[in-house]
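Structure below is model-v9.csv: CSV, C-alpha atoms.
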```
chain,number,residue,atom,x,y,z
A,1,MET,CA,-20.2,-9.3,-20.7
A,2,ASP,CA,-22.8,-7.4,-22.5
A,3,GLY,CA,-23.4,-3.8,-21.4
A,4,VAL,CA,-20.0,-3.3,-19.7
A,5,THR,CA,-18.4,0.1,-20.5
A,6,THR,CA,-15.5,0.2,-17.9
A,7,VAL,CA,-13.6,-2.3,-15.9
A,8,ALA,CA,-10.9,-1.3,-13.4
A,9,LEU,CA,-8.8,-2.9,-10.6
A,10,ILE,CA,-8.7,-0.6,-7.6
A,11,ASP,CA,-6.3,-0.8,-4.7
A,12,ILE,CA,-8.6,-0.4,-1.6
A,13,ALA,CA,-5.8,0.9,0.7
A,14,SER,CA,-4.7,3.8,-1.6
A,15,GLY,CA,-7.7,4.2,-3.9
A,16,MET,CA,-5.4,3.9,-6.9
A,17,VAL,CA,-6.5,2.6,-10.2
A,18,VAL,CA,-4.1,-0.3,-10.7
A,19,ARG,CA,-5.3,-1.3,-14.2
A,20,SER,CA,-8.3,-0.3,-16.3
A,21,ALA,CA,-10.0,-0.9,-19.6
A,22,GLY,CA,-12.8,0.7,-21.5
A,23,GLU,CA,-14.1,4.2,-21.4
A,24,LEU,CA,-12.4,6.3,-18.8
A,25,ASP,CA,-13.2,9.9,-18.2
A,26,PRO,CA,-10.7,12.3,-16.6
A,27,GLY,CA,-12.5,12.2,-13.3
A,28,PHE,CA,-12.3,8.4,-13.0
A,29,PRO,CA,-9.3,8.3,-10.6
A,30,ALA,CA,-11.2,10.4,-8.1
A,31,ALA,CA,-14.3,8.3,-8.5
A,32,ALA,CA,-12.2,5.1,-8.0
A,33,ALA,CA,-10.7,6.6,-4.8
A,34,SER,CA,-14.3,7.3,-3.6
A,35,VAL,CA,-15.3,3.7,-4.2
A,36,ALA,CA,-12.3,2.5,-2.3
A,37,ASP,CA,-13.3,4.8,0.6
A,38,GLU,CA,-16.7,3.3,0.6
A,39,ALA,CA,-15.3,-0.2,0.9
A,40,ARG,CA,-12.9,0.9,3.7
A,41,ALA,CA,-15.7,2.7,5.6
A,42,ALA,CA,-18.0,-0.3,5.2
A,43,ARG,CA,-15.3,-2.6,6.7
A,44,LEU,CA,-14.8,-0.3,9.6
A,45,VAL,CA,-18.5,-0.1,10.3
A,46,LEU,CA,-18.8,-3.8,10.2
A,47,GLY,CA,-16.3,-3.8,13.1
A,48,PRO,CA,-13.2,-5.7,14.1
A,49,GLY,CA,-13.5,-9.4,13.3
A,50,LEU,CA,-16.4,-8.6,11.0
A,51,PRO,CA,-19.1,-10.4,12.9
A,52,ALA,CA,-21.5,-9.8,10.0
A,53,GLY,CA,-19.1,-11.5,7.6
A,54,GLU,CA,-16.6,-10.2,5.2
A,55,LEU,CA,-17.5,-7.4,2.8
A,56,GLU,CA,-18.0,-9.0,-0.6
A,57,GLU,CA,-19.5,-6.4,-2.9
A,58,ILE,CA,-20.7,-2.9,-3.2
A,59,ALA,CA,-23.4,-2.2,-5.7
A,60,VAL,CA,-24.6,1.3,-6.8
A,61,VAL,CA,-27.6,1.5,-9.0
A,62,THR,CA,-28.7,4.7,-10.7
A,63,GLY,CA,-31.3,5.4,-13.3
A,64,THR,CA,-29.0,4.5,-16.2
A,65,ARG,CA,-25.9,2.9,-14.6
A,66,LEU,CA,-25.0,-0.1,-12.5
A,67,HIS,CA,-21.7,0.0,-10.7
A,68,LEU,CA,-20.4,-3.2,-9.1
A,69,ALA,CA,-17.3,-3.3,-7.0
A,70,LYS,CA,-16.3,-6.9,-6.0
A,71,VAL,CA,-13.8,-7.4,-3.2
A,72,LEU,CA,-10.9,-9.6,-4.4
A,73,GLN,CA,-9.1,-10.0,-1.1
A,74,ASP,CA,-10.5,-9.8,2.4
A,75,LYS,CA,-7.6,-8.5,4.6
A,76,PRO,CA,-8.3,-5.3,6.5
A,77,GLU,CA,-6.8,-2.3,4.6
A,78,GLU,CA,-5.6,-4.6,1.9
A,79,GLY,CA,-7.0,-6.1,-1.2
A,80,TYR,CA,-8.5,-4.9,-4.4
A,81,LEU,CA,-11.8,-4.0,-5.9
A,82,LEU,CA,-12.9,-5.2,-9.3
A,83,PHE,CA,-15.0,-2.3,-10.4
A,84,VAL,CA,-17.4,-2.8,-13.3
A,85,ASP,CA,-19.5,0.0,-14.8
A,86,MET,CA,-22.5,-1.2,-16.8
A,87,ASP,CA,-25.4,0.1,-18.7
A,88,ARG,CA,-28.4,-0.7,-16.5
A,89,ALA,CA,-30.7,-1.0,-19.5
A,90,ARG,CA,-28.7,-3.9,-20.9
A,91,VAL,CA,-28.1,-5.9,-17.7
A,92,ASN,CA,-29.9,-7.7,-15.0
A,93,VAL,CA,-28.6,-6.5,-11.7
A,94,ALA,CA,-28.6,-9.9,-9.9
A,95,LEU,CA,-27.3,-11.8,-13.0
A,96,ALA,CA,-24.5,-9.2,-13.5
A,97,SER,CA,-23.4,-9.6,-9.9
A,98,LYS,CA,-23.2,-13.3,-10.3
A,99,GLN,CA,-21.3,-13.1,-13.5
A,100,VAL,CA,-18.8,-10.6,-12.1
A,101,GLY,CA,-18.3,-12.8,-9.1
A,102,GLN,CA,-17.6,-15.8,-11.3
A,103,LEU,CA,-15.0,-13.8,-13.3
A,104,ALA,CA,-13.4,-12.0,-10.4
A,105,PRO,CA,-11.0,-14.7,-9.1
A,106,ALA,CA,-9.3,-15.0,-12.5
A,107,VAL,CA,-8.2,-11.3,-12.2
A,108,LEU,CA,-5.5,-12.0,-9.6
A,109,ALA,CA,-4.7,-15.5,-10.6
B,1,MET,CA,20.5,8.3,-24.3
B,2,ASN,CA,23.5,6.8,-22.5
B,3,ALA,CA,24.1,9.3,-19.7
B,4,ARG,CA,22.5,12.6,-18.8
B,5,SER,CA,21.9,14.8,-15.7
B,6,TRP,CA,19.2,17.2,-14.7
B,7,GLY,CA,20.2,20.0,-12.3
B,8,PRO,CA,18.3,21.7,-9.5
B,9,THR,CA,15.1,23.5,-10.5
B,10,ALA,CA,12.4,25.3,-8.6
B,11,GLY,CA,9.1,23.8,-7.9
B,12,PRO,CA,7.8,20.6,-6.3
B,13,ALA,CA,10.1,17.6,-6.7
B,14,GLY,CA,12.7,19.7,-8.5
B,15,PRO,CA,13.9,18.2,-11.8
B,16,LEU,CA,12.2,14.8,-11.2
B,17,GLY,CA,9.2,15.4,-13.5
B,18,THR,CA,11.4,16.6,-16.4
B,19,ALA,CA,13.8,13.7,-16.0
B,20,LEU,CA,11.0,11.2,-16.0
B,21,ALA,CA,9.4,12.7,-19.0
B,22,ASP,CA,12.7,12.8,-20.9
B,23,CYS,CA,13.6,9.2,-20.1
B,24,ALA,CA,10.1,8.0,-21.2
B,25,THR,CA,10.3,10.0,-24.4
B,26,ALA,CA,13.7,8.6,-25.2
B,27,GLY,CA,12.7,5.0,-24.5
B,28,PHE,CA,15.5,4.9,-22.0
B,29,SER,CA,16.7,1.7,-20.4
B,30,GLY,CA,18.9,1.9,-17.4
B,31,VAL,CA,18.8,3.6,-14.0
B,32,LEU,CA,17.8,7.1,-13.0
B,33,HIS,CA,19.6,8.1,-9.8
B,34,VAL,CA,17.5,10.6,-7.8
B,35,ILE,CA,19.7,12.6,-5.5
B,36,GLY,CA,17.8,14.3,-2.6
B,37,ALA,CA,15.8,13.4,0.4
B,38,PRO,CA,14.9,10.5,0.5
B,39,GLY,CA,16.4,10.1,-3.0
B,40,GLY,CA,16.4,6.7,-4.6
B,41,THR,CA,16.9,4.8,-7.8
B,42,ILE,CA,14.4,4.4,-10.7
B,43,TYR,CA,14.9,1.5,-13.0
B,44,PHE,CA,13.7,2.1,-16.6
B,45,ALA,CA,13.0,-0.5,-19.3
B,46,GLN,CA,12.4,0.9,-22.8
B,47,GLY,CA,11.0,4.1,-21.4
B,48,GLY,CA,8.8,2.5,-18.7
B,49,VAL,CA,9.4,2.4,-15.0
B,50,ALA,CA,10.1,-1.2,-14.0
B,51,ALA,CA,11.2,-0.7,-10.3
B,52,ILE,CA,12.0,2.0,-7.8
B,53,GLU,CA,14.1,1.8,-4.7
B,54,THR,CA,13.8,4.5,-2.0
B,55,PRO,CA,14.4,4.3,1.8
B,56,TRP,CA,11.0,5.9,2.5
B,57,SER,CA,8.8,3.3,0.9
B,58,PRO,CA,8.7,-0.4,1.6
B,59,SER,CA,9.9,-2.6,-1.2
B,60,ALA,CA,7.8,-5.4,-2.7
B,61,GLU,CA,9.8,-7.9,-0.6
B,62,VAL,CA,9.0,-6.1,2.6
B,63,MET,CA,5.3,-5.7,1.7
B,64,LEU,CA,4.9,-9.4,0.8
B,65,LEU,CA,6.7,-10.7,3.9
B,66,ARG,CA,5.4,-8.2,6.5
B,67,SER,CA,1.9,-8.7,5.4
B,68,GLY,CA,2.3,-12.5,5.6
B,69,ARG,CA,1.3,-12.8,2.0
B,70,ILE,CA,4.4,-14.9,1.4
B,71,ARG,CA,6.2,-16.8,4.2
B,72,GLU,CA,9.8,-16.0,4.7
B,73,PRO,CA,11.1,-19.5,4.3
B,74,ASP,CA,9.2,-19.7,1.0
B,75,TRP,CA,10.6,-16.4,-0.2
B,76,GLU,CA,14.2,-17.5,0.8
B,77,ALA,CA,13.8,-20.8,-1.1
B,78,ALA,CA,12.5,-19.1,-4.2
B,79,TYR,CA,15.3,-16.5,-3.9
B,80,ALA,CA,17.9,-19.2,-3.6
B,81,ALA,CA,16.5,-21.1,-6.5
B,82,ALA,CA,16.4,-18.0,-8.7
B,83,ALA,CA,20.0,-17.2,-7.8
B,84,VAL,CA,21.2,-20.7,-8.6
B,85,ALA,CA,19.4,-20.8,-11.9
B,86,ARG,CA,20.3,-17.2,-12.7
B,87,GLY,CA,16.6,-16.8,-13.3
B,88,HIS,CA,14.1,-14.2,-12.3
B,89,MET,CA,12.5,-14.0,-8.9
B,90,ARG,CA,9.1,-13.3,-10.5
B,91,SER,CA,9.2,-16.6,-12.5
B,92,GLU,CA,10.2,-18.5,-9.4
B,93,LEU,CA,7.4,-17.0,-7.3
B,94,LEU,CA,4.8,-17.9,-10.0
B,95,SER,CA,6.1,-21.3,-10.7
B,96,ARG,CA,5.9,-22.2,-7.0
B,97,SER,CA,2.4,-20.8,-6.8
B,98,LEU,CA,3.3,-18.5,-4.0
B,99,ILE,CA,1.3,-15.7,-5.7
B,100,GLY,CA,-0.8,-15.3,-8.8
B,101,ALA,CA,0.6,-13.4,-11.8
B,102,GLY,CA,-2.3,-10.9,-11.6
B,103,GLU,CA,-1.8,-10.2,-7.9
B,104,LEU,CA,1.9,-9.9,-8.3
B,105,GLU,CA,1.5,-7.3,-11.1
B,106,ALA,CA,-1.0,-5.4,-9.1
B,107,MET,CA,1.2,-5.5,-6.0
B,108,LEU,CA,4.2,-4.3,-7.9
B,109,ARG,CA,2.3,-1.5,-9.5
B,110,SER,CA,1.1,-0.5,-6.0
B,111,THR,CA,4.6,-0.5,-4.6
B,112,LEU,CA,5.9,1.5,-7.6
B,113,ALA,CA,3.2,4.1,-7.1
B,114,ASP,CA,4.0,4.3,-3.4
B,115,ALA,CA,7.8,4.7,-4.1
B,116,MET,CA,7.1,7.4,-6.7
B,117,PHE,CA,4.9,9.2,-4.2
B,118,ALA,CA,7.7,9.0,-1.6
B,119,LEU,CA,10.2,10.5,-4.1
B,120,ALA,CA,7.8,13.2,-5.2
B,121,ALA,CA,6.8,14.2,-1.7
B,122,GLY,CA,10.4,14.6,-0.6
B,123,PHE,CA,13.2,16.9,-1.9
B,124,VAL,CA,14.9,16.3,-5.2
B,125,ASP,CA,18.1,18.1,-6.0
B,126,THR,CA,19.4,16.4,-9.1
B,127,CYS,CA,18.8,13.4,-11.3
B,128,ARG,CA,21.3,11.4,-13.2
B,129,ALA,CA,20.5,8.8,-15.9
B,130,GLU,CA,22.9,6.0,-16.7
B,131,ALA,CA,22.2,3.4,-19.4
B,132,THR,CA,22.7,-0.2,-18.2
B,133,THR,CA,20.9,-3.5,-18.3
B,134,LEU,CA,18.0,-4.0,-15.9
B,135,GLU,CA,19.0,-5.9,-12.8
B,136,HIS,CA,16.4,-5.9,-10.1
B,137,VAL,CA,15.0,-8.7,-7.9
B,138,LEU,CA,11.3,-8.0,-8.8
B,139,ALA,CA,10.8,-5.8,-11.8
B,140,LEU,CA,7.4,-5.0,-13.2
B,141,GLU,CA,6.7,-6.5,-16.6
B,142,PRO,CA,5.5,-4.7,-18.6
B,143,ALA,CA,6.9,-1.6,-17.1
B,144,ALA,CA,4.6,1.2,-15.9
B,145,ASP,CA,4.0,4.5,-17.7
B,146,ALA,CA,6.0,7.2,-15.9
B,147,ALA,CA,3.3,9.8,-16.6
B,148,TRP,CA,0.8,7.6,-14.9
B,149,LEU,CA,3.0,7.3,-11.8
B,150,VAL,CA,3.5,11.1,-11.7
B,151,ALA,CA,-0.2,11.7,-12.0
B,152,GLU,CA,-0.9,9.2,-9.2
B,153,ALA,CA,1.7,10.8,-6.9
B,154,ARG,CA,0.1,14.2,-7.5
B,155,ARG,CA,-3.4,12.8,-6.7
B,156,ARG,CA,-2.0,11.3,-3.4
B,157,MET,CA,-0.5,14.6,-2.4
B,158,GLN,CA,-3.8,16.4,-3.1
B,159,VAL,CA,-5.7,13.9,-1.0
B,160,LEU,CA,-3.4,14.4,2.0
B,161,ALA,CA,-3.4,18.2,1.5
B,162,ALA,CA,-7.2,18.2,1.7
B,163,PHE,CA,-7.2,17.2,5.4
B,164,PRO,CA,-7.7,20.1,7.9
B,165,ASP,CA,-4.3,19.6,9.5
B,166,PRO,CA,-1.1,20.2,7.5
B,167,PRO,CA,0.1,16.8,6.1
B,168,LEU,CA,2.7,15.0,8.2
B,169,GLY,CA,6.0,14.2,6.6
B,170,ALA,CA,7.4,10.7,6.4
B,171,ARG,CA,10.0,11.5,9.0
B,172,GLU,CA,7.7,13.1,11.5
B,173,ARG,CA,7.1,11.1,14.7
B,174,VAL,CA,3.5,10.3,15.8
B,175,MET,CA,2.0,9.2,19.0
B,176,ALA,CA,-1.3,7.9,20.2
B,177,VAL,CA,-3.3,10.6,22.1
B,178,PRO,CA,-3.9,9.4,25.7
B,179,GLY,CA,-7.1,7.5,25.9
B,180,ALA,CA,-7.2,7.0,22.1
B,181,LEU,CA,-7.7,3.3,22.1
B,182,ARG,CA,-10.7,3.6,24.4
B,183,ALA,CA,-12.1,6.5,22.4
B,184,ALA,CA,-11.7,4.8,19.1
B,185,THR,CA,-15.1,3.7,18.0
B,186,MET,CA,-13.9,2.5,14.6
B,187,ARG,CA,-11.5,-0.3,15.1
B,188,GLY,CA,-9.8,-2.6,12.7
B,189,GLY,CA,-8.4,-1.7,9.3
B,190,GLY,CA,-4.9,-1.4,10.6
B,191,ARG,CA,-5.9,1.3,13.1
B,192,ASP,CA,-5.3,-0.9,16.2
B,193,GLU,CA,-1.8,-1.7,15.0
B,194,ILE,CA,-1.0,2.0,14.4
B,195,LEU,CA,-2.4,3.0,17.8
B,196,ALA,CA,-0.2,0.3,19.5
B,197,LEU,CA,2.9,1.3,17.6
B,198,ALA,CA,2.6,5.1,17.6
B,199,ASP,CA,4.7,5.7,20.7
B,200,GLY,CA,6.2,9.0,19.8
B,201,ARG,CA,9.5,7.4,18.7
B,202,ARG,CA,8.3,5.9,15.5
B,203,THR,CA,7.9,8.0,12.4
B,204,ALA,CA,5.2,7.5,9.7
B,205,ARG,CA,7.9,5.8,7.6
B,206,ASP,CA,8.8,3.5,10.5
B,207,LEU,CA,5.1,2.5,10.9
B,208,ALA,CA,4.8,1.8,7.2
B,209,PHE,CA,7.8,-0.6,7.3
B,210,ALA,CA,6.7,-2.2,10.6
B,211,LEU,CA,3.3,-2.9,9.2
B,212,GLY,CA,4.2,-3.7,5.7
B,213,HIS,CA,1.9,-1.0,4.4
B,214,GLY,CA,2.7,1.6,1.8
B,215,LEU,CA,4.0,5.0,3.0
B,216,TYR,CA,0.9,6.8,1.4
B,217,THR,CA,-1.5,4.3,3.0
B,218,THR,CA,0.1,4.9,6.3
B,219,LEU,CA,0.1,8.7,6.0
B,220,LEU,CA,-3.6,8.5,4.9
B,221,THR,CA,-4.6,6.4,7.9
B,222,ILE,CA,-2.6,8.7,10.2
B,223,ALA,CA,-4.3,11.7,8.7
B,224,ARG,CA,-7.8,10.2,9.2
B,225,MET,CA,-6.9,9.2,12.8
B,226,ARG,CA,-5.4,12.6,13.5
B,227,ALA,CA,-8.6,14.2,12.3
B,228,GLU,CA,-10.5,12.0,14.8
B,229,GLY,CA,-8.2,13.1,17.6
B,230,LEU,CA,-6.6,9.7,18.0
B,231,LEU,CA,-3.1,10.5,16.9
B,232,ALA,CA,-0.9,13.6,17.2
B,233,PRO,CA,2.5,14.7,16.0
B,234,ALA,CA,5.0,13.9,18.8
B,235,ALA,CA,6.8,17.1,18.3
B,236,GLN,CA,3.8,19.2,19.3
B,237,GLY,CA,4.1,18.3,22.9
B,238,ALA,CA,1.6,15.5,23.2
B,239,ALA,CA,2.3,13.6,26.4
B,240,GLU,CA,3.5,10.1,26.5
B,241,PRO,CA,0.6,7.7,26.4
B,242,ASP,CA,-0.5,6.4,29.7
B,243,PRO,CA,0.0,2.6,29.8
B,244,ARG,CA,-3.1,2.3,32.0
B,245,THR,CA,-5.2,3.6,29.2
B,246,TYR,CA,-4.5,0.5,27.1
B,247,ARG,CA,-5.0,-1.8,30.0
B,248,GLN,CA,-8.3,-0.3,30.9
B,249,ALA,CA,-9.5,-0.3,27.3
B,250,SER,CA,-9.0,-4.0,26.6
B,251,PRO,CA,-7.5,-6.0,29.5
B,252,SER,CA,-7.2,-9.3,27.6
B,253,ALA,CA,-5.9,-8.1,24.3
B,254,ASP,CA,-3.9,-5.0,25.3
B,255,ALA,CA,-2.4,-5.8,28.7
B,256,GLY,CA,1.1,-4.6,28.8
B,257,ALA,CA,1.0,-3.2,25.3
B,258,VAL,CA,2.7,0.1,26.1
B,259,SER,CA,4.8,-1.0,28.9
B,260,ALA,CA,6.1,-3.8,26.7
B,261,LEU,CA,6.9,-1.5,23.8
B,262,PRO,CA,10.4,-2.4,22.5
B,263,ARG,CA,13.1,0.2,22.2
B,264,ARG,CA,13.4,1.5,18.7
B,265,HIS,CA,15.8,-0.7,16.8
B,266,LYS,CA,16.6,-1.6,13.2
B,267,GLU,CA,13.6,-3.0,11.5
B,268,ARG,CA,13.7,-6.8,11.3
B,269,LEU,CA,11.7,-9.1,9.2
B,270,PRO,CA,9.4,-11.5,11.0
B,271,GLN,CA,11.4,-14.3,12.6
B,272,PRO,CA,10.7,-17.9,11.8
B,273,GLN,CA,7.8,-19.4,13.7
B,274,ARG,CA,8.6,-21.6,16.6
B,275,SER,CA,6.9,-25.0,17.0
B,276,GLY,CA,3.6,-25.2,18.9
B,277,ASP,CA,0.5,-23.2,18.7
B,278,PRO,CA,1.6,-19.5,18.3
B,279,ASN,CA,-1.7,-18.3,19.9
B,280,SER,CA,-0.8,-20.0,23.1
B,281,ARG,CA,2.5,-18.3,23.6
B,282,PRO,CA,2.6,-15.3,25.9
B,283,LEU,CA,3.7,-12.7,23.4
B,284,PRO,CA,3.4,-9.0,24.2
B,285,ALA,CA,0.5,-7.4,22.3
B,286,VAL,CA,2.7,-5.4,20.0
B,287,LEU,CA,4.6,-8.5,18.8
B,288,ARG,CA,1.3,-10.4,18.3
B,289,LEU,CA,0.2,-7.5,16.1
B,290,LEU,CA,3.3,-7.8,14.0
B,291,ARG,CA,2.9,-11.6,13.6
B,292,PRO,CA,2.0,-12.4,9.9
B,293,ARG,CA,-1.7,-12.7,9.7
B,294,ALA,CA,-2.1,-14.7,6.5
B,295,GLU,CA,0.1,-17.7,7.0
B,296,GLY,CA,-0.6,-20.6,4.7
B,297,HIS,CA,-1.6,-18.5,1.7
```

Write-out of the structure in structure tokens:
Amino acid sequence: MDGVTTVALIDIASGMVVRSAGELDPGFPAAAASVADEARAARLVLGPGLPAGELEEIAVVTGTRLHLAKVLQDKPEEGYLLFVDMDRARVNVALASKQVGQLAPAVLA
Amino acid sequence: MNARSWGPTAGPAGPLGTALADCATAGFSGVLHVIGAPGGTIYFAQGGVAAIETPWSPSAEVMLLRSGRIREPDWEAAYAAAAVARGHMRSELLSRSLIGAGELEAMLRSTLADAMFALAAGFVDTCRAEATTLEHVLALEPAADAAWLVAEARRRMQVLAAFPDPPLGARERVMAVPGALRAATMRGGGRDEILALADGRRTARDLAFALGHGLYTTLLTIARMRAEGLLAPAAQGAAEPDPRTYRQASPSADAGAVSALPRRHKERLPQPQRSGDPNSRPLPAVLRLLRPRAEGH
């Protein structure tokens, strides 16, 4: 995908970077743990049984970056996030989300 | 390097860090015996860490079966086939489509990191390397970088140390604070199970094995719930939870949860399912919580 600078597989339960590729700065493990915390907190807020539906994706948009974290499994306290860091000037947010969603299942296959 | 020992040293995890670095640098293949508490065995393949066994961290087998990711009959069939063919369990699991290659690798890396955390968070007296061929049921291929595992273990200890209360040890017993289930506004995410099982007799390690979660994940959840006033160390005089609290909180789901808590016994893997609809059977709440949640995957 054009505009992608970093891809990482993050364990939601522990916040650990399981695998990664691309440009990683020394603070990335802490950032990854923070993303995992967001996913866990979102699931807790959605409540037991997730009446609003399963958490599918977290998107963070800044002036220059687009961070997409796609949930790869949907068990509470389990599963992984496919985290993709992109250059916002080079991607369309909606299209990027769709493309990452299409690629995501192959990661754990 | 055929055989080598590292004696006691000062500092966290004793000689473990040096032993790991030396084995990695030498491209060592064999086992590194870690003597201490909990102690364990680290399996090296050409300088990388392929597997770790320690009594404080659930193995990949425990994680896969307890979580219900793989059903026990399927696991046993794959194990038997691998044994007969003198093949690898990994290949057998993949060929039977019980799990994807990517998911298995991710899961094995997660269990490795958890086991390394358990070793590093404990006490290490000495380490002894012994060159041998790699024989392990589920080894990670390609093996993980030892330095990455050490860095991840350090990060995990820093996260736990950042909580206001001193971090709990793996062997410390925890219990639900009376009224915790009713007071818990944030449910799910494994918190209900921990509240139901934290009876003052189980340690953090016991909870990790019972739920099929990693030791670190369990300690992290306990630390969060402790900060919210839902759990307390049993040794600090917290009273036994009042069974009425659970009944009042959720009469349908939690009736008899505490009164039906089993005596502490050797951990057992989930038993084969009986015929009929499992949801219709009158199981105690705790046993229902332990039933695999992802059958059919």

Find the residues with any atom within 12 Å of (-11.5, 5.2, -23.4); use only C-alpha atoms and the coordinates as given in the file, and write the answer as a short mmCIF file (atom, residue, chain, number, x, y, z; two decimals) with C-alpha atoms, in the coordinates of the input.
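Below you can see point29.cif, which holds the result:
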```cif
data_model
loop_
_atom_site.label_atom_id
_atom_site.label_comp_id
_atom_site.auth_asym_id
_atom_site.auth_seq_id
_atom_site.Cartn_x
_atom_site.Cartn_y
_atom_site.Cartn_z
CA THR A 5 -18.40 0.10 -20.50
CA THR A 6 -15.50 0.20 -17.90
CA VAL A 7 -13.60 -2.30 -15.90
CA ALA A 8 -10.90 -1.30 -13.40
CA SER A 20 -8.30 -0.30 -16.30
CA ALA A 21 -10.00 -0.90 -19.60
CA GLY A 22 -12.80 0.70 -21.50
CA GLU A 23 -14.10 4.20 -21.40
CA LEU A 24 -12.40 6.30 -18.80
CA ASP A 25 -13.20 9.90 -18.20
CA PRO A 26 -10.70 12.30 -16.60
CA PHE A 28 -12.30 8.40 -13.00
#
```

If the cut-off is 12 Å, can you tell me the residues of chain A near chain B, counting all atoms listed in the file? I'd like them as a ChimeraX atom specification. /A:8-20,26-34,37,39-50,72-82,104-109

By how many Å are atom CA of A:Asp87 and atom CA of A:Glu54 apart?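 Atom CA of A:Glu54 lies 27.5 Å from atom CA of A:Asp87.
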
For atom CA of B:Ser57 and atom CA of B:Gly39, quote the distance in Å rounded to one decimal.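 Computing it gives 10.9 Å between the two atoms.
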
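Going from atom CA of B:Gly169 over to atom CA of B:Ala227, you cover 15.7 Å.
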
So which one's closest to A:Gln102, A:Lys70, A:Gly63, A:Val4, A:Ala36? Using only C-alpha atoms, please.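 With only C-alpha atoms as the atom set, the closest residue is A:Lys70.
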
Determine, counting all atoms listed in the file, which protein, DNA and RNA residues have an atom within 12 Å of an atom of A:Gln99; residues of the same chain fewer than 6 positions away are not included. Present the result as a list of chain:residue names. A:Met1, A:Asp2, A:Val4, A:Leu68, A:Lys70, A:Val84, A:Val91, A:Asn92, A:Val93, A:Pro105

Which polymer residues have any atom within 8 Å of an atom of A:Val61, counting only C-alpha atoms, with same-chain residues fewer than 5 positions away left out, as JSON, numbers by chain? {"A": [66, 67, 88]}

Keeping only C-alpha atoms, write those residues as a short mmCIF file (atom, residue, chain, number, x, y, z; two decimals), keeping the file's coordinate frame.
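Output file part_13.cif follows:
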```cif
data_model
loop_
_atom_site.label_atom_id
_atom_site.label_comp_id
_atom_site.auth_asym_id
_atom_site.auth_seq_id
_atom_site.Cartn_x
_atom_site.Cartn_y
_atom_site.Cartn_z
CA LEU A 66 -25.00 -0.10 -12.50
CA HIS A 67 -21.70 0.00 -10.70
CA ARG A 88 -28.40 -0.70 -16.50
#
```

Given the point (17.5, 20.8, -13.3) in the coordinates of this file, which residues lie within 10 Å, counting all atoms listed in the file, and how would they look as a PyMOL selection string? chain B and resi 5-10+14-19+124-127

For stretch 31-42 of chain B, where the input has fewer atoms than it should, I would like N, CA and C atoms rebuilt and written as a CSV table (one decimal), keeping the file's coordinate frame.
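Written file, rebuild.csv:
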```csv
chain,number,residue,atom,x,y,z
B,31,VAL,N,19.2,3.1,-15.3
B,31,VAL,CA,18.8,3.6,-14.0
B,31,VAL,C,18.8,5.1,-13.9
B,32,LEU,N,17.9,5.7,-13.2
B,32,LEU,CA,17.8,7.1,-13.0
B,32,LEU,C,18.1,7.3,-11.5
B,33,HIS,N,19.2,7.9,-11.2
B,33,HIS,CA,19.6,8.1,-9.8
B,33,HIS,C,18.9,9.4,-9.4
B,34,VAL,N,18.1,9.4,-8.3
B,34,VAL,CA,17.5,10.6,-7.8
B,34,VAL,C,18.2,11.0,-6.5
B,35,ILE,N,18.9,12.2,-6.6
B,35,ILE,CA,19.7,12.6,-5.5
B,35,ILE,C,18.8,13.7,-4.7
B,36,GLY,N,18.6,13.4,-3.4
B,36,GLY,CA,17.8,14.3,-2.6
B,36,GLY,C,17.4,13.6,-1.3
B,37,ALA,N,16.3,14.0,-0.8
B,37,ALA,CA,15.8,13.4,0.4
B,37,ALA,C,14.4,12.9,0.2
B,38,PRO,N,14.0,11.7,0.1
B,38,PRO,CA,14.9,10.5,0.5
B,38,PRO,C,15.9,10.1,-0.6
B,39,GLY,N,15.6,10.6,-1.8
B,39,GLY,CA,16.4,10.1,-3.0
B,39,GLY,C,16.1,8.6,-3.2
B,40,GLY,N,16.7,8.1,-4.3
B,40,GLY,CA,16.4,6.7,-4.6
B,40,GLY,C,16.9,6.4,-6.0
B,41,THR,N,16.5,5.2,-6.5
B,41,THR,CA,16.9,4.8,-7.8
B,41,THR,C,15.7,4.3,-8.6
B,42,ILE,N,15.5,4.8,-9.8
B,42,ILE,CA,14.4,4.4,-10.7
B,42,ILE,C,14.9,3.6,-11.8
```
